[in-house]
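Structure file my_file.txt (compact mmCIF, C-alpha atoms) follows.
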# COMPACT_ATOMS: atom_id res chain seq x y z
CA MET A 23 8.93 23.90 -12.42
CA LYS A 24 6.49 23.83 -9.49
CA ILE A 25 4.53 20.64 -8.91
CA ALA A 26 2.06 20.01 -6.09
CA LEU A 27 1.55 16.48 -4.82
CA VAL A 28 -0.71 14.83 -2.26
CA ALA A 29 0.19 11.34 -1.06
CA GLY A 30 -1.85 9.61 1.60
CA GLU A 31 -0.33 7.26 4.19
CA THR A 32 2.84 5.15 4.04
CA SER A 33 2.23 3.38 0.73
CA GLY A 34 1.44 6.65 -1.04
CA ASP A 35 4.60 8.20 0.36
CA LEU A 36 6.60 5.27 -1.03
CA LEU A 37 5.05 5.53 -4.50
CA ALA A 38 5.36 9.32 -4.61
CA GLY A 39 9.01 9.12 -3.55
CA LEU A 40 9.77 6.92 -6.55
CA LEU A 41 7.79 9.25 -8.82
CA LEU A 42 9.84 12.20 -7.58
CA ASP A 43 13.01 10.46 -8.79
CA GLY A 44 11.65 10.59 -12.34
CA LEU A 45 10.40 14.17 -12.00
CA LYS A 46 13.82 15.34 -10.82
CA GLU A 47 15.39 13.76 -13.90
CA GLN A 48 12.83 15.52 -16.13
CA TRP A 49 13.17 18.95 -14.50
CA SER A 50 16.40 20.02 -12.82
CA ASP A 51 14.78 23.13 -11.28
CA LEU A 52 11.95 21.16 -9.69
CA GLN A 53 10.06 22.48 -6.67
CA THR A 54 7.55 20.12 -5.05
CA PHE A 55 5.18 20.69 -2.15
CA GLY A 56 1.85 19.64 -0.64
CA ILE A 57 1.11 16.60 1.54
CA GLY A 58 3.70 13.84 1.88
CA GLY A 59 5.84 11.68 4.09
CA VAL A 60 9.41 10.74 4.95
CA ARG A 61 10.44 9.24 1.59
CA MET A 62 9.20 12.31 -0.26
CA ALA A 63 11.01 14.61 2.15
CA GLN A 64 14.24 12.72 1.48
CA ARG A 65 13.91 13.87 -2.14
CA GLY A 66 13.46 17.53 -1.29
CA PHE A 67 9.68 17.59 -1.05
CA HIS A 68 8.21 20.33 1.17
CA ALA A 69 5.41 18.77 3.22
CA TRP A 70 2.89 21.35 4.38
CA TRP A 71 1.04 18.49 6.09
CA SER A 72 2.12 14.93 6.85
CA SER A 73 0.66 12.07 4.79
CA ASP A 74 -0.25 10.44 8.12
CA LYS A 75 -3.17 12.90 8.31
CA LEU A 76 -4.85 11.00 5.45
CA ALA A 77 -4.13 7.48 6.77
CA VAL A 78 -7.79 6.61 7.37
CA ARG A 79 -9.82 3.78 5.81
CA GLY A 80 -13.52 2.99 6.20
CA TYR A 81 -16.68 5.10 6.37
CA VAL A 82 -16.91 5.32 10.15
CA GLU A 83 -13.18 6.04 10.53
CA VAL A 84 -13.36 8.84 7.95
CA LEU A 85 -16.35 10.38 9.72
CA ARG A 86 -14.32 10.62 12.93
CA HIS A 87 -11.64 12.66 11.14
CA TYR A 88 -13.92 14.35 8.62
CA ARG A 89 -13.67 17.92 9.88
CA GLU A 90 -9.88 17.84 10.11
CA ILE A 91 -9.46 16.26 6.66
CA VAL A 92 -11.89 18.65 4.98
CA GLY A 93 -10.16 21.58 6.71
CA ILE A 94 -6.78 20.48 5.38
CA ARG A 95 -8.14 20.11 1.85
CA ARG A 96 -9.73 23.57 1.96
CA GLN A 97 -6.53 25.20 3.20
CA LEU A 98 -4.44 23.33 0.61
CA LYS A 99 -6.77 24.38 -2.21
CA GLU A 100 -6.63 28.03 -1.18
CA ARG A 101 -2.84 27.93 -0.99
CA LEU A 102 -2.51 26.30 -4.43
CA LEU A 103 -4.92 28.74 -6.05
CA GLN A 104 -2.99 31.70 -4.63
CA ASP A 105 0.27 30.40 -6.11
CA PRO A 106 -0.69 27.87 -8.82
CA PRO A 107 1.66 24.98 -9.63
CA ALA A 108 2.19 23.80 -13.19
CA VAL A 109 0.40 20.57 -12.31
CA PHE A 110 -1.26 18.88 -9.37
CA ILE A 111 -0.58 15.17 -8.92
CA GLY A 112 -2.75 13.14 -6.60
CA VAL A 113 -0.99 9.96 -5.50
CA ASP A 114 -3.58 7.35 -4.59
CA ALA A 115 -5.95 8.66 -1.80
CA PRO A 116 -8.74 9.24 -4.37
CA ASP A 117 -11.41 10.28 -1.88
CA PHE A 118 -9.22 13.22 -0.90
CA ASN A 119 -7.51 13.93 -4.19
CA LEU A 120 -10.32 13.80 -6.74
CA ASP A 121 -12.41 16.54 -5.11
CA LEU A 122 -9.32 18.72 -4.79
CA ALA A 123 -8.26 17.99 -8.39
CA ARG A 124 -11.73 18.88 -9.70
CA ASP A 125 -11.62 22.30 -8.04
CA LEU A 126 -8.08 23.01 -9.22
CA ARG A 127 -8.85 21.86 -12.77
CA ALA A 128 -11.86 24.19 -12.89
CA LYS A 129 -9.39 27.05 -12.28
CA GLY A 130 -7.13 26.00 -15.14
CA ILE A 131 -4.53 23.92 -13.27
CA LYS A 132 -3.52 20.63 -14.94
CA THR A 133 -4.37 17.62 -12.79
CA ILE A 134 -3.09 14.03 -12.83
CA GLN A 135 -4.02 11.01 -10.74
CA PHE A 136 -1.15 8.59 -10.10
CA VAL A 137 -2.62 5.20 -9.17
CA SER A 138 -6.08 4.58 -10.48
CA PRO A 139 -8.87 4.19 -7.94
CA SER A 140 -9.93 0.53 -7.85
CA ILE A 141 -13.01 1.11 -10.03
CA TRP A 142 -12.64 -2.42 -11.36
CA ALA A 143 -13.04 -3.85 -7.85
CA TRP A 144 -15.65 -1.61 -6.23
CA ARG A 145 -17.34 1.83 -6.49
CA GLY A 146 -17.24 1.88 -10.28
CA GLU A 147 -19.43 4.98 -10.32
CA ARG A 148 -16.31 6.99 -9.45
CA ILE A 149 -15.37 6.89 -13.15
CA HIS A 150 -17.58 9.96 -13.67
CA LYS A 151 -15.80 11.95 -10.96
CA ILE A 152 -12.42 10.90 -12.38
CA LYS A 153 -13.43 12.19 -15.83
CA GLU A 154 -14.50 15.48 -14.32
CA SER A 155 -11.46 15.86 -12.09
CA VAL A 156 -8.29 14.88 -13.95
CA ASP A 157 -6.55 15.44 -17.27
CA HIS A 158 -4.72 12.10 -17.14
CA VAL A 159 -4.47 8.91 -15.08
CA LEU A 160 -1.13 7.16 -14.57
CA CYS A 161 -2.09 3.49 -14.20
CA ILE A 162 0.01 0.93 -12.34
CA PHE A 163 -1.82 -2.16 -13.63
CA PRO A 164 -1.80 -3.12 -17.34
CA PHE A 165 -5.55 -3.66 -17.77
CA GLU A 166 -6.58 -0.22 -16.50
CA PRO A 167 -6.01 2.14 -19.51
CA ALA A 168 -8.53 0.20 -21.60
CA LEU A 169 -11.18 0.80 -18.92
CA TYR A 170 -10.55 4.54 -19.09
CA ALA A 171 -10.50 4.60 -22.90
CA LYS A 172 -14.13 3.38 -22.91
CA HIS A 173 -15.07 6.56 -21.04
CA GLY A 174 -12.89 8.94 -23.04
CA ILE A 175 -10.40 9.49 -20.22
CA SER A 176 -6.71 9.92 -21.01
CA ALA A 177 -4.68 7.22 -19.25
CA SER A 178 -1.40 5.33 -19.63
CA TYR A 179 0.22 2.27 -18.10
CA VAL A 180 3.52 3.09 -16.38
CA GLY A 181 4.08 -0.17 -14.47
CA HIS A 182 4.11 -0.57 -10.73
CA PRO A 183 6.95 1.35 -9.03
CA LEU A 184 7.53 -1.41 -6.49
CA ALA A 185 8.31 -3.89 -9.27
CA SER A 186 11.50 -1.99 -10.12
CA VAL A 187 12.53 -1.57 -6.48
CA ILE A 188 12.11 -5.20 -5.40
CA PRO A 189 14.55 -7.61 -7.10
CA LEU A 190 13.19 -10.43 -9.24
CA GLU A 191 15.23 -12.85 -7.11
CA PRO A 192 15.25 -11.59 -3.49
CA ASN A 193 18.26 -12.69 -1.43
CA ARG A 194 16.76 -14.44 1.60
CA ASN A 195 20.09 -15.39 3.16
CA ALA A 196 21.44 -11.82 2.97
CA ALA A 197 18.26 -10.48 4.57
CA ARG A 198 18.47 -13.06 7.34
CA GLY A 199 22.11 -12.20 7.93
CA ALA A 200 21.21 -8.53 8.30
CA LEU A 201 18.61 -9.48 10.93
CA GLY A 202 20.75 -12.01 12.79
CA LEU A 203 18.64 -14.98 11.70
CA ALA A 204 19.95 -18.41 10.79
CA HIS A 205 19.41 -20.05 7.40
CA GLU A 206 17.40 -22.90 8.96
CA ASP A 207 15.10 -20.72 11.10
CA ALA A 208 11.35 -20.88 10.46
CA VAL A 209 10.47 -17.20 9.99
CA VAL A 210 7.08 -15.54 9.68
CA ALA A 211 6.70 -11.88 8.74
CA VAL A 212 3.62 -10.24 10.26
CA LEU A 213 2.47 -6.96 8.69
CA PRO A 214 -0.57 -5.57 10.52
CA GLY A 215 -0.90 -2.36 8.48
CA SER A 216 0.19 1.26 8.57
CA ARG A 217 -2.97 2.92 9.90
CA ALA A 218 -3.94 3.32 13.54
CA SER A 219 -7.40 1.92 12.74
CA GLU A 220 -5.81 -1.23 11.30
CA ILE A 221 -3.79 -1.83 14.45
CA GLN A 222 -6.95 -1.21 16.46
CA TYR A 223 -9.09 -3.73 14.59
CA ILE A 224 -6.67 -6.43 13.46
CA GLY A 225 -3.60 -5.98 15.67
CA GLU A 226 -5.00 -8.01 18.54
CA THR A 227 -5.99 -10.84 16.18
CA PHE A 228 -2.51 -10.93 14.69
CA VAL A 229 -0.90 -11.02 18.15
CA GLN A 230 -3.13 -13.93 19.18
CA THR A 231 -2.19 -15.65 15.93
CA ILE A 232 1.49 -15.23 16.78
CA LYS A 233 0.83 -16.83 20.17
CA LEU A 234 -0.82 -19.86 18.53
CA LEU A 235 2.03 -20.17 16.03
CA MET A 236 4.59 -20.19 18.83
CA HIS A 237 2.61 -22.75 20.78
CA ALA A 238 2.53 -25.02 17.71
CA ARG A 239 6.16 -24.37 16.73
CA PRO A 240 8.21 -23.36 19.80
CA HIS A 241 11.21 -22.32 17.69
CA ILE A 242 9.39 -20.16 15.16
CA LYS A 243 10.59 -16.56 14.83
CA VAL A 244 8.46 -13.55 13.94
CA LEU A 245 9.43 -10.33 12.18
CA LEU A 246 6.98 -7.48 12.72
CA PRO A 247 7.71 -4.25 10.81
CA ALA A 248 6.03 -1.31 12.56
CA VAL A 249 5.35 2.21 11.34
CA PRO A 250 7.21 4.41 13.88
CA LEU A 251 4.06 6.23 15.01
CA LEU A 252 2.29 2.93 15.72
CA ARG A 253 5.17 0.99 17.28
CA ALA A 254 4.20 1.74 20.88
CA GLN A 255 0.61 0.61 20.26
CA ILE A 256 1.83 -2.65 18.71
CA GLU A 257 4.30 -3.34 21.52
CA ILE A 258 1.53 -2.88 24.12
CA GLN A 259 -0.58 -5.46 22.29
CA LEU A 260 2.34 -7.89 22.15
CA SER A 261 3.32 -7.54 25.82
CA SER A 262 -0.28 -8.00 26.97
CA ARG A 263 -0.62 -11.38 25.21
CA LEU A 264 2.79 -13.01 24.92
CA ALA A 265 4.99 -14.49 27.62
CA SER A 266 8.49 -13.08 28.03
CA LYS A 267 10.11 -16.06 26.26
CA GLN A 268 7.71 -15.63 23.35
CA LEU A 269 8.44 -11.91 23.15
CA GLU A 270 12.12 -12.73 22.74
CA ARG A 271 11.28 -14.40 19.43
CA VAL A 272 9.34 -11.41 18.05
CA HIS A 273 11.56 -8.85 16.34
CA VAL A 274 9.68 -5.55 16.10
CA LEU A 275 11.38 -3.63 13.31
CA GLN A 276 11.44 0.11 12.65
CA GLY A 277 9.72 -0.07 9.29
CA GLN A 278 11.98 -2.35 7.20
CA SER A 279 9.04 -4.28 5.75
CA HIS A 280 11.05 -5.17 2.66
CA LEU A 281 13.84 -6.67 4.75
CA ALA A 282 11.28 -8.70 6.71
CA LEU A 283 9.58 -9.97 3.54
CA ALA A 284 12.92 -10.90 1.98
CA ALA A 285 13.93 -12.85 5.11
CA CYS A 286 10.70 -14.72 5.85
CA ASP A 287 9.34 -18.09 4.78
CA VAL A 288 5.70 -16.95 4.86
CA SER A 289 3.90 -13.72 5.69
CA LEU A 290 0.68 -12.78 7.47
CA VAL A 291 -0.45 -9.50 5.92
CA ALA A 292 -3.25 -6.99 6.35
CA SER A 293 -4.92 -6.43 2.98
CA GLY A 294 -3.42 -3.48 1.10
CA THR A 295 -0.26 -2.58 -0.78
CA ALA A 296 1.79 -4.83 1.53
CA THR A 297 0.15 -7.90 -0.03
CA LEU A 298 1.56 -6.92 -3.43
CA GLU A 299 4.96 -6.30 -1.84
CA ALA A 300 4.87 -9.83 -0.37
CA ALA A 301 3.98 -11.19 -3.81
CA LEU A 302 6.87 -9.33 -5.44
CA PHE A 303 9.17 -10.89 -2.84
CA LYS A 304 7.72 -14.26 -4.03
CA ARG A 305 6.54 -15.14 -0.55
CA PRO A 306 3.44 -17.21 0.19
CA MET A 307 1.07 -15.31 2.43
CA VAL A 308 -2.16 -15.28 4.37
CA ILE A 309 -4.22 -12.14 3.81
CA ALA A 310 -6.53 -10.84 6.52
CA TYR A 311 -8.53 -7.71 7.23
CA LYS A 312 -10.90 -6.33 9.84
CA MET A 313 -12.54 -2.94 10.13
CA ASN A 314 -15.41 -1.21 11.90
CA PRO A 315 -18.51 -3.45 11.42
CA ILE A 316 -20.57 -0.63 9.90
CA SER A 317 -17.79 0.23 7.42
CA TRP A 318 -17.51 -3.45 6.50
CA PHE A 319 -21.26 -3.74 5.91
CA LEU A 320 -21.28 -0.72 3.60
CA MET A 321 -18.11 -1.58 1.69
CA ARG A 322 -19.03 -5.24 1.18
CA LYS A 323 -22.13 -4.21 -0.78
CA LYS A 324 -19.99 -2.29 -3.29
CA ARG A 325 -17.57 -5.12 -4.14
CA TYR A 326 -17.51 -6.51 -7.69
CA GLN A 327 -15.01 -9.33 -7.28
CA ALA A 328 -14.54 -12.38 -5.12
CA TRP A 329 -11.04 -11.28 -4.12
CA VAL A 330 -9.80 -8.48 -1.88
CA GLY A 331 -6.02 -9.06 -1.84
CA LEU A 332 -4.12 -7.49 -4.75
CA PRO A 333 -2.18 -10.68 -5.65
CA ASN A 334 -5.44 -12.60 -6.01
CA ILE A 335 -7.11 -9.79 -7.97
CA LEU A 336 -4.20 -9.53 -10.39
CA CYS A 337 -4.05 -13.31 -10.84
CA SER A 338 -7.88 -13.61 -10.99
CA ASP A 339 -7.65 -16.55 -8.60
CA PHE A 340 -7.37 -17.41 -4.92
CA VAL A 341 -3.63 -17.95 -5.19
CA VAL A 342 -3.31 -17.24 -1.46
CA PRO A 343 -6.02 -17.50 1.24
CA GLU A 344 -8.02 -14.48 2.41
CA PHE A 345 -9.77 -14.15 5.77
CA LEU A 346 -11.98 -11.11 6.21
CA GLN A 347 -13.80 -9.67 9.18
CA GLY A 348 -15.35 -12.49 11.28
CA ALA A 349 -13.52 -15.19 9.31
CA ALA A 350 -10.18 -13.70 10.37
CA SER A 351 -9.87 -15.65 13.61
CA PRO A 352 -6.47 -16.43 15.18
CA GLN A 353 -7.20 -20.14 14.77
CA ALA A 354 -7.91 -19.85 11.02
CA LEU A 355 -4.93 -17.59 10.41
CA SER A 356 -2.46 -19.73 12.32
CA ARG A 357 -3.64 -22.90 10.56
CA SER A 358 -3.13 -21.27 7.16
CA VAL A 359 0.33 -19.94 8.04
CA LEU A 360 1.43 -23.35 9.31
CA ALA A 361 0.02 -24.99 6.17
CA TRP A 362 2.41 -22.93 4.03
CA LEU A 363 5.35 -23.90 6.25
CA ASP A 364 4.44 -27.57 5.78
CA ARG A 365 4.08 -27.40 1.97
CA PRO A 366 7.34 -26.37 0.30
CA ALA A 367 6.12 -27.55 -3.11
CA ALA A 368 3.06 -25.28 -2.87
CA CYS A 369 5.31 -22.39 -1.85
CA ALA A 370 7.51 -22.96 -4.90
CA LYS A 371 4.47 -22.99 -7.18
CA VAL A 372 3.21 -19.70 -5.75
CA ALA A 373 6.68 -18.16 -6.10
CA GLU A 374 6.69 -19.09 -9.79
CA ARG A 375 3.30 -17.47 -10.32
CA PHE A 376 4.39 -14.34 -8.50
CA THR A 377 7.54 -14.15 -10.67
CA HIS A 378 5.32 -13.95 -13.77
CA LEU A 379 3.27 -11.23 -12.08
CA HIS A 380 6.46 -9.32 -11.23
CA GLN A 381 7.63 -9.39 -14.84
CA GLU A 382 4.25 -8.10 -16.01
CA LEU A 383 4.42 -5.11 -13.63
CA LEU A 384 8.08 -4.31 -14.25
CA ARG A 385 8.60 -1.06 -16.16
CA ASP A 386 10.78 2.05 -15.71
CA THR A 387 7.92 3.71 -13.84
CA PRO A 388 9.64 6.95 -12.73
CA TYR A 389 10.80 7.66 -16.30
CA LEU A 390 7.51 6.73 -17.99
CA ALA A 391 5.41 8.66 -15.48
CA ALA A 392 7.56 11.79 -15.78
CA LYS A 393 7.44 11.57 -19.59
CA ASP A 394 3.63 11.31 -19.58
CA ILE A 395 3.35 14.22 -17.14
CA ALA A 396 5.51 16.34 -19.46
CA GLU A 397 3.23 15.42 -22.37
CA VAL A 398 0.15 16.47 -20.41
CA LEU A 399 1.78 19.81 -19.67
CA ALA A 400 2.63 20.26 -23.36
CA ARG A 401 -0.96 19.83 -24.56
Rewrite the coordinates I just gave you, this time as structure tokens.
Amino acid sequence: MKIALVAGETSGDLLAGLLLDGLKEQWSDLQTFGIGGVRMAQRGFHAWWSSDKLAVRGYVEVLRHYREIVGIRRQLKERLLQDPPAVFIGVDAPDFNLDLARDLRAKGIKTIQFVSPSIWAWRGERIHKIKESVDHVLCIFPFEPALYAKHGISASYVGHPLASVIPLEPNRNAARGALGLAHEDAVVAVLPGSRASEIQYIGETFVQTIKLLMHARPHIKVLLPAVPLLRAQIEIQLSSRLASKQLERVHVLQGQSHLALAACDVSLVASGTATLEAALFKRPMVIAYKMNPISWFLMRKKRYQAWVGLPNILCSDFVVPEFLQGAASPQALSRSVLAWLDRPAACAKVAERFTHLHQELLRDTPYLAAKDIAEVLAR
């Protein structure tokens, strides 16, 4: 059984890695290849290109890498057409995957999209390209299959993979012990993103926020998980803004975002999959995002909802604060983080709401996804 996959960036690599667990259970002679990352490689995936090549968000940022990305897609398509897989699975990264899936499907290769594009949040016109490009959509949110049914697109809800990985009751004390933190420490997890463009546009703001937090609370400790490729860039930003004594209280981790979220009291998170991870760890958070001003102008016009952060979208409410673009100032972010630290009752209420969300997303995703893929192949 030969299956091609394309996963973009760190979050896609994580989701695809979990999907591969289910595929290996379904097919013992599985061969997988395409574009992926470290977690996929750990499961025997053959990466012809790294998922980091697709870790770009925003119109202007994509334009800068357009030729390289289009070149990779062309080469990948030619390689897959020469030796066709049984199925192509695009994991998130719809701007890359849907065009590729459309071309492969036209040549008779089955195509599946794992993780629906956010057509319910913005760019709803993509529903037509999805219908043209894929045989089936594996949805990770419960309301999505009904949207596809209205357009005659085959889709199924398989739950969110992270909901089965993250425990319903995270062990904060165990996580703190693993990191050498005391039970009584005030701990903030800062997650600035996994793309170079995110570190470029919001990293400096997050570092300045850390400085304000430490000025207000001299004993506060910060956990900052960093993607290995971006660690040096983050450490330069930290050392340029923080005094040596402040730097001693910032623990830059090699990845380990889940350990940081389990250990913290509150998190400061760049909008994206990490916000849902923070919610599944039942942690209050402050969501922020900045991007190239032109990209922001164009993307803002295509939004359908008041919320950007996944926890707020899924709860249909501003459960946690969001600060976007110009509103994401260090002063505003630090005030909101400190407000969570000062309101334990509010934190408990948010944790209860996030527990309900966790239960709603909890399914045996690897098994369900693999079963649905097998059914698509049997049609």
Near Pro343 of chain A, counting all atoms listed in the file, which residues have an atom at most 8 Å away, once you skip same-chain residues fewer than 4 positions from it, shown as JSON, numbers by chain? {"A": [307, 308, 309, 358]}
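Taking atom CA of Arg305 of chain A and atom CA of Ala196 of chain A as the two end points, the separation is 15.7 Å.
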Show me, as a list in words, the residues that have an atom within 10 Å of Leu390 of chain A when counting only C-alpha atoms, minus same-chain residues fewer than 3 positions from it.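 Contacts, in chain order: Leu41, Gly44, Leu45, Leu160, Ser178, Tyr179, Val180, Gly181, Arg385, Asp386, Thr387, Lys393, Asp394, Ile395 and Ala396 of chain A.
The space between atom CA of Ala185 of chain A and atom CA of Leu384 of chain A spans 5.0 Å.
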Of the candidates A:Ala208, A:Val341, A:Ala292, A:Ile149, which one gets nearest to Val372 of chain A if we count all atoms listed in the file?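 The shortest atom-to-atom distance to Val372 of chain A comes from A:Val341.
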What separates atom CA of Arg365 of chain A and atom CA of Leu203 of chain A is a distance of 21.5 Å
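The closest residue to Pro315 of chain A, picked from A:His205, A:Ala177, A:Ala373, A:Tyr223 and counting all atoms listed in the file, is A:Tyr223.
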